[in-house]
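Heads up, the thing below is written out as structure tokens.
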Amino acid sequence: MTDAHNHLQDSRFDGIREQVIREMTQSGVTRCVVNGTCPADWPQVAALARHHPELIIPSFGLHPWKKPTPDWLHQLTHYLDTVPHACIGECGLDRWIEGYNIERQTTIFTAQLDLAADRNLPISIHCLKAWGHLVDLLESRPLPDRGFLLHSYGGSADLVPRLAKLGAYFSFSGYFLHERKKNVRDAFKVVPRDRLLLETDAPDMLPPPSAIHHPLTGEINHPANLRSIFQSASLRVETVTIDENFHRFFID
Ligand SMILES: [Zn+2]
């Protein structure tokens, strides 16, 4: 099974990280993408991928919640040039976070999108409450030939065909199994089968108790919950299809 989006470098895993990775592997997770969020955590993402090259695909991005450093883009380019199989993300747009600055977010996001398009690299996009703006950007700029990932897709069902036409992949997160997320689950019913991916976003996006087979103390989502999330998700596809989609997007 493949996890399209997590944050194994997160400090909430300090002290238990290697055990968590062992449990992930034992539970059947064969590949995952570990997403950096700012220059400060990129070295840890690179180190994790170096220590677990079979399991971890590293991804480097500047998240819309994080402040840019003066040389972030230069550093990002350096990581992409030097780390094997490096992808771009997590990056994106967020009008949900308090005090957001959408102009600054747009500049930072489009720089990363342009890099992904130039190099035809996988890019993982976060979007909260900024769908119209994101679609405008995606429809007006060069995009990677391989497509792009909308991680934890929380947009409407109506937008799915328009985004799929642009090359979108959509990853389902265990958080969407909460009762109140019915609209999101409905949107996933219209996602084309060859564009569906699955993710934990661990340590975030804790699923409801019924989908937690690997509990951790302190509201931390264990990435080995991937299987129980899949079992609860009713995604109309087998894991083999999700794994094929993962390989086509992140590896081929
Ligand atoms: Zn994330």
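Letters for chains follow the order of the structure tokens (A, B, ...), residue numbers begin at 1 for each chain, and ligand numbers begin at 1 in the order shown.
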
Produce as a PyMOL selection string the set of residues near ligand 1, where near means within 8 Å with only C-alpha atoms and all ligand atoms considered.
chain A and resi 5-7+35+90+126+151+201-202+204

Per-residue nearest contacts of stretch 114-138 of chain A to stretch 168-179 of chain A (12 Å; only C-alpha atoms) as a tab-separated table:
```
residue	atom	partner	partner_atom	distance
A:Pro122	CA	A:Tyr169	CA	10.4
A:Ile123	CA	A:Tyr169	CA	10.2
A:Ser124	CA	A:Tyr169	CA	9.4
A:Ile125	CA	A:Phe170	CA	9.9
A:His126	CA	A:Ser171	CA	10.8
A:Cys127	CA	A:Phe170	CA	11.7
A:Val135	CA	A:Ala168	CA	10.9
A:Leu138	CA	A:Ala168	CA	9.9
```

Looking only at the backbone, which of the residues in stretch 10-234 of chain A does DSSP tag as helix (DSSP H, G or I), as number ranges by chain?
A: 11-13, 17-26, 42-51, 72-82, 102-119, 131-140, 160-166, 174-177, 179-188, 193-195, 209-211, 223-233

Would you list, as a list in words, the residues of stretch 2-107 of chain A that end up in strand (DSSP E or B) under DSSP run on this structure's backbone?
Thr2, Asp3, Ala4, His5, Asn6, Arg31, Cys32, Val33, Val34, Asn35, Ile56, Ile57, Pro58, Ser59, Phe60, Cys87, Ile88, Gly89, Glu90, Cys91, Gly92, Leu93 and Asp94 of chain A

Got a sec: who's within 7 Å of stretch 54-71 of chain A, counting only C-alpha atoms, leaving out chain neighbours fewer than 5 positions off, as number ranges by chain?
A: 30-38, 42, 45-46, 49, 76, 85-94, 105

If we count only C-alpha atoms, what is near stretch 222-224 of chain A at a cut-off of 7 Å, once residues fewer than 2 positions away on the same chain are taken out, given as a list in words?
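In the requested form, the answer reads Glu23, Met24, Ser27, Thr200, Ala202, Pro203, His214, Pro215, Leu216, Ile220, Leu226 and Arg227 of chain A.
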
Generate the output file for the selected residues, C-alpha atoms, as a CSV table (one decimal), in the first residue's frame.
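Below you can see again.csv, which holds the result:
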```
chain,number,residue,atom,x,y,z
A,23,GLU,CA,5.2,-0.7,12.3
A,24,MET,CA,4.3,1.0,9.0
A,27,SER,CA,1.4,-3.2,8.4
A,200,THR,CA,-2.6,9.6,6.1
A,202,ALA,CA,0.4,11.6,9.7
A,203,PRO,CA,0.9,12.9,12.3
A,214,HIS,CA,-2.6,1.9,15.5
A,215,PRO,CA,-3.3,4.3,18.3
A,216,LEU,CA,-0.6,6.7,19.6
A,220,ILE,CA,-1.1,11.7,16.8
A,226,LEU,CA,-3.3,3.6,6.2
A,227,ARG,CA,-4.8,0.2,5.9
```

Considering only C-alpha atoms, can you say which of A:Ala187, A:Leu159, A:Gln231, A:Leu128 comes closest to A:His213?
A:Gln231

Long-range neighbours of A:Asp136 as a list of chain:residue names, 12 Å cut-off, only C-alpha atoms, 2 positions minimum in chain:
A:Thr106, A:Thr110, A:Ala130, A:Trp131, A:Gly132, A:His133, A:Leu134, A:Leu138, A:Glu139, A:Ser140, A:Arg141, A:Leu159, A:Arg162, A:Leu163, A:Leu166

What gap, in Å, lies between atom CA of A:Leu150 and atom CA of A:Gly28?
23.9 Å

Mind pulling up the distance from atom CA of A:Leu73 to atom CA of A:Asp252?
25.4 Å

Selected residue, from A:Gln44, A:Asn101, A:Gln26, A:Ser232, that lies nearest to A:Asp14 when counting only C-alpha atoms
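The shortest atom-to-atom distance to A:Asp14 comes from A:Gln44.
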
Among listed residues A:Leu198, A:Asp243, A:Pro207, A:Trp72, nearest A:Asn221 (using only C-alpha atoms):
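Result for the nearest residue to A:Asn221: A:Pro207.
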
Shell of 9 Å around A:Thr239, only C-alpha atoms, local chain residues under 4 positions omitted, as a VMD selection string
chain A and resid 1 to 2 230 243 to 244

For a test of reading the model, state the distance in Å between atom CA of A:Arg119 and atom CA of A:Arg248, rounded to one decimal.
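Result for atom CA of A:Arg119 versus atom CA of A:Arg248: 16.0 Å, one decimal.
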
Find the residue from A:Glu18, A:Asp10, A:Ala157, A:Glu219 that sits nearest to A:Met205; use only C-alpha atoms when measuring.
A:Glu219
